[in-house]
>>> print(open('work_7.csv').read())   # CSV, C-alpha atoms
chain,number,residue,atom,x,y,z
K,961,MET,CA,-15.3,-23.2,-11.5
K,962,ASN,CA,-16.2,-23.0,-15.2
K,963,LEU,CA,-13.0,-23.2,-17.2
K,964,ASN,CA,-12.5,-22.1,-20.8
K,965,GLN,CA,-10.4,-24.1,-23.2
K,966,GLU,CA,-7.2,-22.3,-22.5
K,967,GLU,CA,-7.7,-22.6,-18.7
K,968,LYS,CA,-8.4,-26.3,-19.1
K,969,ALA,CA,-5.1,-26.6,-21.1
K,970,ILE,CA,-3.2,-24.7,-18.4
K,971,LEU,CA,-4.7,-27.1,-15.7
K,972,ALA,CA,-3.7,-30.1,-17.9
K,973,GLY,CA,-0.1,-28.9,-17.9
K,974,GLU,CA,0.1,-28.0,-21.5
K,975,PHE,CA,1.5,-24.6,-20.6
K,976,GLY,CA,4.1,-26.1,-18.3
K,977,PRO,CA,4.2,-27.2,-14.6
K,978,VAL,CA,4.6,-23.8,-13.1
K,979,ARG,CA,1.4,-22.4,-14.7
K,980,LYS,CA,-0.4,-25.6,-13.8
K,981,THR,CA,0.6,-25.0,-10.2
K,982,ALA,CA,-0.5,-21.4,-10.4
K,983,ILE,CA,-4.0,-22.2,-11.8
K,984,GLU,CA,-4.5,-25.0,-9.3
K,985,HIS,CA,-3.9,-22.4,-6.5
K,986,GLN,CA,-6.3,-20.0,-8.2
K,987,ILE,CA,-9.0,-22.6,-8.5
K,988,LYS,CA,-8.8,-23.3,-4.7
K,989,VAL,CA,-9.1,-19.6,-4.1
K,990,GLY,CA,-12.0,-19.3,-6.5
K,991,ASP,CA,-13.8,-22.3,-5.0
K,992,PHE,CA,-13.4,-20.8,-1.5
K,993,PHE,CA,-15.0,-17.5,-2.5
K,994,GLY,CA,-17.6,-19.0,-4.8
K,995,ALA,CA,-16.2,-17.7,-8.1
K,996,GLU,CA,-18.0,-19.1,-11.1
K,997,ASP,CA,-15.2,-18.5,-13.5
K,998,PHE,CA,-12.0,-16.5,-14.2
K,999,VAL,CA,-11.7,-12.9,-15.4
K,1000,PRO,CA,-8.7,-11.8,-17.6
K,1001,VAL,CA,-6.4,-9.3,-15.9
K,1002,SER,CA,-4.0,-6.9,-17.5
K,1003,GLN,CA,-1.6,-6.2,-14.6
K,1004,ALA,CA,-0.4,-7.9,-11.4
K,1005,HIS,CA,1.3,-6.4,-8.4
K,1006,ILE,CA,3.0,-8.7,-5.9
K,1007,MET,CA,3.4,-8.2,-2.2
K,1008,ALA,CA,6.3,-10.5,-1.2
K,1009,ASP,CA,8.6,-8.9,1.4
K,1010,THR,CA,11.1,-11.3,2.8
K,1011,GLU,CA,10.2,-10.6,6.4
K,1012,SER,CA,6.8,-12.2,5.6
K,1013,LEU,CA,8.2,-14.8,3.2
K,1014,GLY,CA,10.9,-16.1,5.4
K,1015,GLU,CA,13.3,-18.9,4.3
K,1016,ALA,CA,10.4,-21.2,3.3
K,1017,GLY,CA,8.7,-18.6,1.1
K,1018,VAL,CA,11.9,-17.7,-0.7
K,1019,LEU,CA,12.7,-21.4,-1.3
K,1020,TRP,CA,9.2,-21.7,-2.8
K,1021,LEU,CA,9.9,-18.7,-5.1
K,1022,GLU,CA,13.2,-20.2,-6.1
K,1023,SER,CA,11.5,-23.6,-6.9
K,1024,LEU,CA,9.2,-21.8,-9.3
K,1025,ALA,CA,11.9,-19.8,-10.9
K,1026,LYS,CA,14.4,-22.7,-11.2
K,1027,ASN,CA,15.6,-23.2,-14.8
K,1028,ALA,CA,13.4,-20.4,-15.8
K,1029,GLY,CA,11.8,-20.9,-19.2
K,1030,LYS,CA,8.7,-19.7,-21.0
K,1031,ASP,CA,6.3,-21.5,-18.7
K,1032,ARG,CA,8.0,-19.9,-15.7
K,1033,THR,CA,7.7,-16.3,-16.8
K,1034,VAL,CA,4.8,-14.0,-16.3
K,1035,ARG,CA,2.3,-13.4,-19.2
K,1036,ILE,CA,1.2,-9.9,-18.3
K,1037,PRO,CA,3.0,-6.8,-16.8
K,1038,THR,CA,3.8,-7.9,-13.2
K,1039,ILE,CA,5.4,-5.6,-10.7
K,1040,THR,CA,6.5,-5.6,-7.1
K,1041,ASP,CA,5.5,-3.9,-3.8
K,1042,PRO,CA,8.3,-2.3,-1.7
K,1043,ARG,CA,11.2,-4.6,-0.8
K,1044,GLY,CA,12.6,-5.2,2.6
K,1045,THR,CA,15.6,-2.9,2.3
K,1046,ASP,CA,17.4,-0.1,0.5
K,1047,PHE,CA,20.7,-1.9,-0.2
K,1048,ASN,CA,22.6,1.4,-0.3
K,1049,LYS,CA,21.6,2.3,3.3
K,1050,ALA,CA,20.7,-1.1,4.9
K,1051,LYS,CA,23.6,-0.9,7.4
K,1052,GLN,CA,22.5,2.5,8.6
K,1053,LEU,CA,19.2,0.9,9.7
K,1054,GLY,CA,20.9,-2.0,11.4
K,1055,GLN,CA,19.7,-4.6,9.0
K,1056,THR,CA,21.9,-7.8,9.1
K,1057,GLU,CA,23.7,-9.7,6.3
K,1058,VAL,CA,21.2,-12.6,6.8
K,1059,MET,CA,18.3,-10.2,6.0
K,1060,LEU,CA,20.0,-8.8,3.0
K,1061,ALA,CA,21.0,-12.3,1.6
K,1062,LEU,CA,17.4,-13.5,1.8
K,1063,GLU,CA,16.3,-10.3,0.0
K,1064,LYS,CA,18.8,-10.8,-2.8
K,1065,ARG,CA,17.6,-14.4,-3.3
K,1066,ALA,CA,14.0,-13.3,-3.6
K,1067,ILE,CA,14.9,-10.6,-6.1
K,1068,ALA,CA,16.9,-13.1,-8.2
K,1069,ALA,CA,13.9,-15.4,-8.3
K,1070,PHE,CA,11.5,-12.7,-9.3
K,1071,ILE,CA,13.8,-11.5,-12.1
K,1072,LYS,CA,14.0,-15.0,-13.5
K,1073,MET,CA,10.3,-15.1,-13.8
K,1074,GLY,CA,10.2,-11.9,-15.8
K,1075,ILE,CA,8.8,-9.7,-13.0
K,1076,SER,CA,9.6,-6.0,-13.1
K,1077,MET,CA,11.3,-5.0,-9.8
K,1078,THR,CA,9.4,-1.7,-9.4
K,1079,ASP,CA,9.5,-1.9,-5.6
K,1080,THR,CA,6.6,0.5,-5.0
K,1081,CYS,CA,3.3,0.9,-3.3
K,1082,ILE,CA,2.4,4.0,-5.3
K,1083,ASN,CA,2.4,2.5,-8.8
K,1084,TYR,CA,-0.8,4.4,-9.5
K,1085,GLN,CA,1.3,7.6,-9.1
K,1086,THR,CA,4.4,6.5,-10.8
K,1087,ILE,CA,4.2,3.4,-13.2
K,1088,MET,CA,0.9,2.9,-15.0
K,1089,ALA,CA,-2.3,3.7,-13.3
K,1090,PRO,CA,-5.1,1.4,-14.1
K,1091,VAL,CA,-8.1,2.9,-15.9
K,1092,TYR,CA,-11.8,2.7,-15.3
K,1093,GLY,CA,-13.2,-0.8,-15.6
K,1094,GLU,CA,-9.8,-2.4,-16.0
K,1095,HIS,CA,-9.5,-5.8,-14.2
K,1096,VAL,CA,-6.2,-6.2,-12.3
K,1097,ALA,CA,-4.7,-8.4,-9.7
K,1098,PHE,CA,-3.1,-6.1,-7.1
K,1099,GLY,CA,-1.8,-7.0,-3.6
K,1100,ASP,CA,-0.9,-4.0,-1.5
K,1101,THR,CA,-3.9,-2.7,0.5
K,1102,GLY,CA,-3.2,1.0,-0.3
K,1103,VAL,CA,-2.8,0.1,-4.0
K,1104,VAL,CA,-6.0,-1.8,-4.2
K,1105,ILE,CA,-8.2,0.7,-2.5
K,1106,TYR,CA,-6.8,3.6,-4.6
K,1107,SER,CA,-7.1,1.6,-7.8
K,1108,ASN,CA,-10.7,0.6,-7.1
K,1109,SER,CA,-11.9,3.9,-5.7
K,1110,ILE,CA,-10.0,6.6,-7.5
K,1111,CYS,CA,-9.2,4.9,-10.8
K,1112,GLY,CA,-12.4,2.8,-11.0
K,1113,ALA,CA,-10.4,-0.3,-11.7
K,1114,ARG,CA,-11.4,-3.8,-10.4
K,1115,SER,CA,-9.2,-5.7,-7.9
K,1116,ASN,CA,-9.5,-7.8,-4.8
K,1117,PHE,CA,-6.7,-7.9,-2.2
K,1118,GLU,CA,-4.5,-10.5,-3.8
K,1119,GLY,CA,-2.2,-12.4,-1.5
K,1120,GLY,CA,1.4,-12.8,-2.7
K,1121,PRO,CA,0.9,-16.3,-4.2
K,1122,SER,CA,-2.4,-15.3,-5.8
K,1123,ALA,CA,-0.9,-12.1,-7.4
K,1124,LEU,CA,2.1,-14.2,-8.7
K,1125,ALA,CA,-0.4,-16.8,-10.0
K,1126,ALA,CA,-2.3,-14.1,-11.8
K,1127,GLY,CA,0.9,-12.9,-13.4
K,1128,LEU,CA,1.7,-16.4,-14.6
K,1129,THR,CA,-1.8,-17.2,-16.0
K,1130,GLY,CA,-3.1,-13.7,-17.0
K,1131,ARG,CA,-6.4,-14.2,-15.0
K,1132,THR,CA,-7.9,-14.2,-11.6
K,1133,PRO,CA,-11.0,-15.7,-10.0
K,1134,ARG,CA,-14.1,-13.6,-10.7
K,1135,TYR,CA,-15.4,-12.7,-7.2
K,1136,GLY,CA,-15.7,-9.8,-4.9
K,1137,PHE,CA,-14.8,-6.4,-6.4
K,1138,HIS,CA,-14.6,-7.8,-10.0
K,1139,ILE,CA,-18.4,-8.1,-9.8
K,1140,GLU,CA,-20.5,-4.9,-10.1
K,1141,GLN,CA,-23.1,-5.8,-7.4
K,1142,HIS,CA,-20.3,-6.0,-4.8
K,1143,ARG,CA,-19.2,-2.4,-5.6
K,1144,GLN,CA,-22.5,-0.9,-4.3
K,1145,PRO,CA,-22.4,1.0,-0.9
K,1146,THR,CA,-23.0,-0.9,2.3
K,1147,HIS,CA,-22.3,2.1,4.7
K,1148,ARG,CA,-23.2,5.7,4.4
K,1149,PHE,CA,-21.1,8.4,6.0
K,1150,LEU,CA,-22.0,12.1,6.3
K,1151,VAL,CA,-18.8,14.1,7.0
K,1152,ARG,CA,-19.3,17.5,8.5
K,1153,TRP,CA,-15.7,18.6,8.1
K,1154,THR,CA,-13.2,18.4,5.3
K,1155,PRO,CA,-9.6,17.6,6.3
K,1156,GLU,CA,-6.7,19.8,5.1
K,1157,SER,CA,-3.4,18.0,6.0
K,1158,LEU,CA,-2.4,14.5,5.0
K,1159,ASN,CA,-2.5,13.2,8.6
K,1160,GLU,CA,-6.1,14.5,8.9
K,1161,TRP,CA,-7.1,12.8,5.7
K,1162,GLY,CA,-5.5,9.6,7.1
K,1163,ALA,CA,-7.3,10.0,10.4
K,1164,LEU,CA,-10.6,10.4,8.7
K,1165,GLY,CA,-10.0,7.4,6.6
K,1166,GLY,CA,-9.0,5.4,9.6
K,1167,LEU,CA,-12.2,6.4,11.4
K,1168,ILE,CA,-14.4,5.4,8.5
K,1169,GLY,CA,-12.5,2.1,8.1
K,1170,ARG,CA,-13.0,1.4,11.8
K,1171,LYS,CA,-16.7,2.1,11.6
K,1172,SER,CA,-17.1,0.1,8.4
K,1173,GLY,CA,-15.5,-2.9,9.9
K,1174,ASN,CA,-14.7,-5.5,7.3
K,1175,TYR,CA,-13.4,-6.3,3.8
K,1176,TRP,CA,-16.8,-6.5,2.1
K,1177,SER,CA,-17.9,-3.1,3.4
K,1178,VAL,CA,-18.1,-0.3,0.8
K,1179,PRO,CA,-18.5,3.2,2.4
K,1180,VAL,CA,-20.1,6.0,0.5
K,1181,ILE,CA,-19.1,9.4,1.8
K,1182,GLU,CA,-21.1,12.6,1.6
K,1183,GLY,CA,-20.1,16.1,2.6
K,1184,ILE,CA,-16.5,16.4,1.3
K,1185,GLU,CA,-15.9,19.9,0.0
K,1186,GLY,CA,-13.7,20.7,-3.0
K,1187,HIS,CA,-11.7,18.0,-4.8
K,1188,PRO,CA,-8.9,16.5,-2.7
K,1189,GLY,CA,-5.7,15.7,-4.6
K,1190,SER,CA,-3.9,12.4,-5.2
K,1191,ASP,CA,-1.8,12.5,-2.0
K,1192,SER,CA,-4.8,13.3,0.2
K,1193,LEU,CA,-6.8,10.4,-1.2
K,1194,LYS,CA,-3.8,8.1,-1.0
K,1195,HIS,CA,-3.5,8.7,2.8
K,1196,PHE,CA,-7.3,8.5,3.1
K,1197,GLY,CA,-7.6,5.2,1.4
K,1198,ALA,CA,-4.5,3.6,2.8
K,1199,ALA,CA,-5.7,4.3,6.4
K,1200,MET,CA,-9.2,3.1,5.6
K,1201,ALA,CA,-7.8,-0.2,4.3
K,1202,SER,CA,-5.5,-0.5,7.3
K,1203,PHE,CA,-8.1,0.2,10.0
K,1204,GLY,CA,-11.0,-1.5,8.3
K,1205,SER,CA,-9.7,-3.8,5.6
K,1206,CYS,CA,-11.8,-1.8,3.1
K,1207,ALA,CA,-11.0,-2.3,-0.6
K,1208,LEU,CA,-13.3,0.3,-2.1
K,1209,PHE,CA,-15.0,3.6,-1.2
K,1210,HIS,CA,-17.1,6.2,-3.0
K,1211,ILE,CA,-17.1,10.0,-2.5
K,1212,LEU,CA,-20.1,11.6,-3.9
K,1213,GLY,CA,-19.3,13.9,-6.8
K,1214,ILE,CA,-15.6,13.0,-6.8
K,1215,THR,CA,-14.7,9.3,-7.3
K,1216,PRO,CA,-15.7,7.9,-10.8
K,1217,GLU,CA,-18.4,5.5,-9.7
K,1218,ALA,CA,-20.0,8.3,-7.6
K,1219,ILE,CA,-19.9,11.3,-10.0
K,1220,HIS,CA,-23.6,10.9,-10.5
K,1221,SER,CA,-25.3,10.0,-7.2
K,1222,HIS,CA,-28.1,8.1,-9.1
K,1223,ASP,CA,-25.5,5.5,-10.1
K,1224,LEU,CA,-25.2,4.3,-6.5
K,1225,HIS,CA,-27.9,2.7,-4.3
K,1226,TYR,CA,-27.3,4.2,-0.9
K,1227,THR,CA,-30.3,6.3,0.1
K,1228,HIS,CA,-31.8,3.4,2.0
K,1229,LEU,CA,-28.7,3.3,4.3
K,1230,ALA,CA,-28.8,5.2,7.6
K,1231,PRO,CA,-26.2,8.0,7.6
K,1232,ILE,CA,-23.4,7.9,10.1
K,1233,GLU,CA,-22.3,11.4,11.0
K,1234,ILE,CA,-18.6,12.3,11.5
K,1235,ASN,CA,-17.4,15.7,12.6
K,1236,LYS,CA,-14.0,17.2,13.3
K,1237,ALA,CA,-13.9,16.3,16.9
K,1238,ASP,CA,-14.4,12.6,16.0
K,1239,VAL,CA,-11.4,12.7,13.7
K,1240,MET,CA,-9.2,14.6,16.1
K,1241,ALA,CA,-10.1,12.1,18.9
K,1242,LEU,CA,-8.6,9.3,16.7
K,1243,GLN,CA,-5.5,11.4,16.1
K,1244,SER,CA,-5.2,12.3,19.8
K,1245,SER,CA,-5.3,8.6,20.8
K,1246,TYR,CA,-1.9,8.3,19.1
K,1247,ARG,CA,-0.4,11.3,21.0
K,1248,VAL,CA,0.7,9.5,24.2
K,1249,SER,CA,4.1,11.2,24.3
K,1250,ASP,CA,5.7,14.5,23.2
K,1251,GLU,CA,9.2,13.0,23.3
K,1252,ILE,CA,10.3,11.2,20.1
K,1253,ASP,CA,13.1,8.9,19.0
K,1254,VAL,CA,12.6,8.9,15.3
K,1255,VAL,CA,10.5,10.5,12.5
K,1256,VAL,CA,9.4,8.3,9.6
K,1257,PHE,CA,7.6,9.4,6.5
K,1258,SER,CA,6.5,6.1,4.8
K,1259,ALA,CA,3.5,3.9,4.2
K,1260,PRO,CA,2.6,4.8,1.5
K,1261,GLN,CA,5.8,5.8,-0.1
K,1262,LEU,CA,6.2,9.6,-0.7
K,1263,SER,CA,5.2,11.1,-4.0
K,1264,LEU,CA,7.4,13.7,-5.7
K,1265,PHE,CA,5.3,16.5,-4.3
K,1266,GLU,CA,5.5,15.0,-0.8
K,1267,MET,CA,9.2,14.9,-1.1
K,1268,GLN,CA,9.2,18.5,-2.2
K,1269,SER,CA,7.1,19.5,0.9
K,1270,VAL,CA,9.4,17.5,3.3
K,1271,ALA,CA,12.5,19.1,1.7
K,1272,ALA,CA,11.1,22.6,2.1
K,1273,LEU,CA,10.4,22.0,5.8
K,1274,CYS,CA,13.9,20.6,6.3
K,1275,ASP,CA,15.7,23.4,4.5
K,1276,GLY,CA,18.1,25.2,6.9
K,1277,LYS,CA,17.3,22.8,9.9
K,1278,LYS,CA,19.7,20.6,11.9
K,1279,PHE,CA,18.1,17.5,13.4
K,1280,LYS,CA,18.6,16.1,16.8
K,1281,LYS,CA,16.7,13.0,16.0
K,1282,PRO,CA,16.8,10.8,12.8
K,1283,LEU,CA,14.3,11.6,10.1
K,1284,LEU,CA,13.6,8.9,7.5
K,1285,ALA,CA,11.8,9.8,4.2
K,1286,VAL,CA,10.9,6.7,2.2
K,1287,THR,CA,10.0,7.1,-1.5
K,1288,SER,CA,9.8,4.9,-4.6
K,1289,PRO,CA,12.7,4.1,-7.0
K,1290,GLN,CA,10.8,6.0,-9.7
K,1291,VAL,CA,10.5,9.2,-7.6
K,1292,LYS,CA,14.0,9.1,-6.0
K,1293,PRO,CA,16.0,10.1,-9.2
K,1294,ASP,CA,13.7,13.1,-9.7
K,1295,ALA,CA,14.0,14.1,-6.0
K,1296,ASP,CA,17.8,13.9,-6.4
K,1297,ARG,CA,17.8,15.9,-9.6
K,1298,MET,CA,15.5,18.6,-8.1
K,1299,GLY,CA,17.6,19.0,-5.0
K,1300,TYR,CA,15.0,17.6,-2.6
K,1301,THR,CA,17.1,14.7,-1.4
K,1302,ALA,CA,20.1,17.0,-0.7
K,1303,MET,CA,17.9,19.4,1.3
K,1304,ILE,CA,16.6,16.6,3.5
K,1305,GLU,CA,20.0,15.0,4.0
K,1306,ALA,CA,21.7,18.3,4.7
K,1307,ALA,CA,19.4,18.7,7.7
K,1308,GLY,CA,20.5,15.2,9.0
K,1309,GLY,CA,17.6,13.2,7.5
K,1310,THR,CA,18.0,10.2,5.2
K,1311,VAL,CA,16.1,9.4,2.0
K,1312,PHE,CA,15.4,5.7,1.3
K,1313,ALA,CA,14.1,4.2,-2.0
K,1314,GLY,CA,12.2,1.1,-2.8
K,1315,MET,CA,11.4,-0.1,0.7
K,1316,CYS,CA,8.6,0.4,3.2
K,1317,PHE,CA,9.4,1.0,6.8
K,1318,TYR,CA,7.1,-1.5,8.4
K,1319,GLN,CA,8.0,-4.3,5.9
K,1320,SER,CA,11.7,-3.9,6.6
K,1321,TYR,CA,12.2,-5.7,9.9
K,1322,ALA,CA,10.8,-2.8,11.8
K,1323,ARG,CA,11.1,-4.5,15.2
K,1324,GLU,CA,14.7,-5.4,14.6
K,1325,ILE,CA,15.4,-1.9,13.4
K,1326,ALA,CA,14.0,-0.5,16.6
K,1327,GLN,CA,16.1,-2.8,18.7
K,1328,ALA,CA,19.3,-2.0,16.7
K,1329,ASN,CA,18.8,1.8,17.0
K,1330,GLY,CA,17.1,2.1,20.4
K,1331,TRP,CA,13.9,3.6,18.8
K,1332,LYS,CA,10.6,3.4,20.6
K,1333,ARG,CA,8.6,6.6,20.1
K,1334,LEU,CA,8.0,7.1,16.4
K,1335,ALA,CA,6.4,10.2,14.9
K,1336,THR,CA,4.8,10.1,11.5
K,1337,ASN,CA,2.0,11.8,9.4
K,1338,SER,CA,0.8,8.4,8.2
K,1339,ALA,CA,-2.3,7.1,9.9
K,1340,LYS,CA,-1.7,3.7,8.2
K,1341,MET,CA,1.7,3.5,9.9
K,1342,VAL,CA,0.5,4.3,13.4
K,1343,ASN,CA,-2.2,1.6,13.1
K,1344,ILE,CA,0.5,-1.0,12.2
K,1345,LEU,CA,3.6,-0.1,14.2
K,1346,GLY,CA,2.2,-0.8,17.7
K,1347,GLY,CA,2.4,-4.4,16.8
K,1348,TYR,CA,6.2,-4.0,16.2
K,1349,GLY,CA,6.8,-2.6,19.7
K,1350,TYR,CA,6.7,1.1,18.8
K,1351,THR,CA,4.8,3.8,20.5
K,1352,PRO,CA,3.5,5.6,17.3
K,1353,ILE,CA,2.5,9.2,17.3
K,1354,LEU,CA,0.3,10.8,14.5
K,1355,ALA,CA,1.1,14.4,13.7
K,1356,SER,CA,1.3,16.8,10.8
K,1357,MET,CA,4.3,16.8,8.4
K,1358,GLU,CA,5.3,20.2,9.9
K,1359,ASP,CA,5.1,19.0,13.5
K,1360,CYS,CA,7.1,15.8,12.6
K,1361,VAL,CA,9.9,17.8,11.0
K,1362,ARG,CA,10.0,20.2,14.0
K,1363,ALA,CA,10.2,17.2,16.3
K,1364,ALA,CA,13.2,15.9,14.5
K,1365,GLU,CA,14.8,19.3,15.0
K,1366,THR,CA,14.0,19.7,18.7
K,1367,GLY,CA,13.5,16.1,19.9
K,1368,ARG,CA,9.9,16.6,20.9
K,1369,LEU,CA,6.5,17.6,19.5
K,1370,ALA,CA,5.3,21.1,20.3
>>> encode(input="work_7.csv", output="structure tokens")
Amino acid sequence: MNLNQEEKAILAGEFGPVRKTAIEHQIKVGDFFGAEDFVPVSQAHIMADTESLGEAGVLWLESLAKNAGKDRTVRIPTITDPRGTDFNKAKQLGQTEVMLALEKRAIAAFIKMGISMTDTCINYQTIMAPVYGEHVAFGDTGVVIYSNSICGARSNFEGGPSALAAGLTGRTPRYGFHIEQHRQPTHRFLVRWTPESLNEWGALGGLIGRKSGNYWSVPVIEGIEGHPGSDSLKHFGAAMASFGSCALFHILGITPEAIHSHDLHYTHLAPIEINKADVMALQSSYRVSDEIDVVVFSAPQLSLFEMQSVAALCDGKKFKKPLLAVTSPQVKPDADRMGYTAMIEAAGGTVFAGMCFYQSYAREIAQANGWKRLATNSAKMVNILGGYGYTPILASMEDCVRAAETGRLA
């Protein structure tokens, strides 16, 4: 890679050993992907849940943070993805002291490095959404695809060590979606039906992701009517990233790089048609049981308006089965103040903040609580949870709340 004077100085250790370690890692990543140089980034977002980190990963974080000084602190705003627990309600989930102790150690290391513990996967709805053309180093798949597609920012999927390195150096290797030519469509989808509910948007995104097939695919979508809102596009993109590893999509006339169709080169691509039956078939494939053990709204974390919708559906109900609503630490105080948390919990539900269900020892939680059949309106979650031993069921928000009340889907 071509290094400028500052990057050469970092590599030589003039900015301290931690930044030297960080840029050495980034050069290896850049060499692997054929990056010619670095691009400055203005924000970083780190995925580093302790279930994935384990003891070895936390020890590595602690080694970087040890005796934290200027060279061990981040140089740009750097935030965190959801953590592995909500400490206020961890025992309710059946999480152990060992899990919590590891989590506390990771948090302490992050804080020493000057990282802001935002604990959210919806930073684009709550913290500081990136703007068009802004180069960032984000990790969470839902965050990256939303930031690239809806905001028009530029980011690859940054692994935890790479995002942390970007925070420490203020740059990332220039490859992939930082380069304009890689943002052009590779697949063309003609959608004959526009979803209405969040689970339908997720199912459509999952289907397009599945048909697109890999990280370098860039779907362009025609036929969407109206202008879907932030929550709809959040579920759409998160599912596309989960089912297909996609990091960027374009919707003609809606997303910023597709407002004018002549800005994209896609007419040479053969259109792939998708109709309502195709989307419903994907959703139905996750309806293997009407009996449920637990309802979970998570992945991505719920926005304030999603919390409002869940609360309205819970009002006056009494649940037979547990209902978990997972939101961000930024949304939770507003949900408390506006009465949404009280409405959900009066019905027998529980509101969690700052965590993500599938990053919170989901398998161990299932074993501790006897949960197997899990209903959710998140297509991203149903795609993931089968690997944790659950039988996931995709349904609308309304049907999920009703199932918590009756114990089964209608």
>>> closest_atom_pairs(input="work_7.csv", of="region 1094-1187 of chain K", to="region 1257-1263 of chain K", cutoff="12 Å", atoms="only C-alpha atoms", output="tab-separated table")
residue	atom	partner	partner_atom	distance
K:Asp1100	CA	K:Pro1260	CA	9.9
K:Thr1101	CA	K:Pro1260	CA	10.0
K:Gly1102	CA	K:Pro1260	CA	7.2
K:Val1103	CA	K:Pro1260	CA	9.0
K:Tyr1106	CA	K:Pro1260	CA	11.3
K:Leu1158	CA	K:Phe1257	CA	11.3
K:Asn1159	CA	K:Phe1257	CA	11.0
K:Gly1162	CA	K:Pro1260	CA	11.0
>>> residues_near_point(input="work_7.csv", point="(13.8, -15.7, -2.2)", cutoff="7 Å", atoms="only C-alpha atoms", output="PDB file with C-alpha atoms, in the coordinates of the input")
ATOM      1  CA  GLY K1017       8.700 -18.600   1.100  1.00  0.00           C
ATOM      2  CA  VAL K1018      11.900 -17.700  -0.700  1.00  0.00           C
ATOM      3  CA  LEU K1019      12.700 -21.400  -1.300  1.00  0.00           C
ATOM      4  CA  LEU K1021       9.900 -18.700  -5.100  1.00  0.00           C
ATOM      5  CA  GLU K1022      13.200 -20.200  -6.100  1.00  0.00           C
ATOM      6  CA  LEU K1062      17.400 -13.500   1.800  1.00  0.00           C
ATOM      7  CA  GLU K1063      16.300 -10.300   0.000  1.00  0.00           C
ATOM      8  CA  ARG K1065      17.600 -14.400  -3.300  1.00  0.00           C
ATOM      9  CA  ALA K1066      14.000 -13.300  -3.600  1.00  0.00           C
ATOM     10  CA  ILE K1067      14.900 -10.600  -6.100  1.00  0.00           C
ATOM     11  CA  ALA K1069      13.900 -15.400  -8.300  1.00  0.00           C
TER      12      ALA K1069
END
>>> residues_around(input="work_7.csv", residues="Tyr1300 (chain K)", least_positions_apart="3", cutoff="9 Å", atoms="all atoms listed in the file", output="PDB file with C-alpha atoms, keeping the file's coordinate frame")
ATOM      1  CA  MET K1267       9.200  14.900  -1.100  1.00  0.00           C
ATOM      2  CA  GLN K1268       9.200  18.500  -2.200  1.00  0.00           C
ATOM      3  CA  SER K1269       7.100  19.500   0.900  1.00  0.00           C
ATOM      4  CA  VAL K1270       9.400  17.500   3.300  1.00  0.00           C
ATOM      5  CA  ALA K1271      12.500  19.100   1.700  1.00  0.00           C
ATOM      6  CA  ALA K1272      11.100  22.600   2.100  1.00  0.00           C
ATOM      7  CA  ASP K1294      13.700  13.100  -9.700  1.00  0.00           C
ATOM      8  CA  ALA K1295      14.000  14.100  -6.000  1.00  0.00           C
ATOM      9  CA  ASP K1296      17.800  13.900  -6.400  1.00  0.00           C
ATOM     10  CA  ARG K1297      17.800  15.900  -9.600  1.00  0.00           C
ATOM     11  CA  MET K1303      17.900  19.400   1.300  1.00  0.00           C
ATOM     12  CA  ILE K1304      16.600  16.600   3.500  1.00  0.00           C
ATOM     13  CA  GLU K1305      20.000  15.000   4.000  1.00  0.00           C
TER      14      GLU K1305
END
>>> closest_residue(input="work_7.csv", among="K:Asn964, K:Ser1023, K:Gln1141, K:Thr1287", to="Thr1301 (chain K)", atoms="all atoms listed in the file")
K:Thr1287
>>> residues_around(input="work_7.csv", residues="Gly1309 (chain K)", least_positions_apart="4", cutoff="8 Å", atoms="only C-alpha atoms", output="list in words")
Phe1279, Pro1282, Leu1283, Leu1284, Ala1285, Ile1304 and Glu1305 of chain K
>>> residues_around(input="work_7.csv", residues="region 1054-1057 of chain K", least_positions_apart="6", cutoff="10 Å", atoms="all atoms listed in the file", output="list in words")
Gly1044, Thr1045, Asp1046, Phe1047, Glu1063, Ser1320, Tyr1321, Ala1322, Glu1324, Ile1325, Ala1326, Gln1327, Ala1328 and Asn1329 of chain K
>>> residues_near_point(input="work_7.csv", point="(16.6, 23.0, 5.3)", cutoff="6 Å", atoms="all atoms listed in the file", output="list in words")
Cys1274, Asp1275, Gly1276, Lys1277, Met1303 and Ala1307 of chain K
>>> atom_distance(input="work_7.csv", atom1="CA of Lys1026 (chain K)", atom2="CA of Met1073 (chain K)")
9.0 Å
>>> atom_distance(input="work_7.csv", atom1="CA of Leu1053 (chain K)", atom2="CA of Glu1266 (chain K)")
22.3 Å
>>> closest_residue(input="work_7.csv", among="K:Ala1198, K:Val1180, K:Leu1164, K:Val1256", to="Tyr1226 (chain K)", atoms="all atoms listed in the file")
K:Val1180
>>> closest_residue(input="work_7.csv", among="K:Leu1150, K:Cys1316, K:Ala1004, K:Ile1039", to="Lys1236 (chain K)", atoms="only C-alpha atoms")
K:Leu1150
>>> closest_residue(input="work_7.csv", among="K:Arg1170, K:Lys968, K:Lys1280, K:Arg1362", to="Asn1343 (chain K)", atoms="all atoms listed in the file")
K:Arg1170
>>> atom_distance(input="work_7.csv", atom1="CA of Asp1041 (chain K)", atom2="CA of Val1361 (chain K)")
26.6 Å
>>> closest_residue(input="work_7.csv", among="K:Gly1099, K:Pro1121, K:Pro977, K:Pro1133", to="Asp991 (chain K)", atoms="all atoms listed in the file")
K:Pro1133
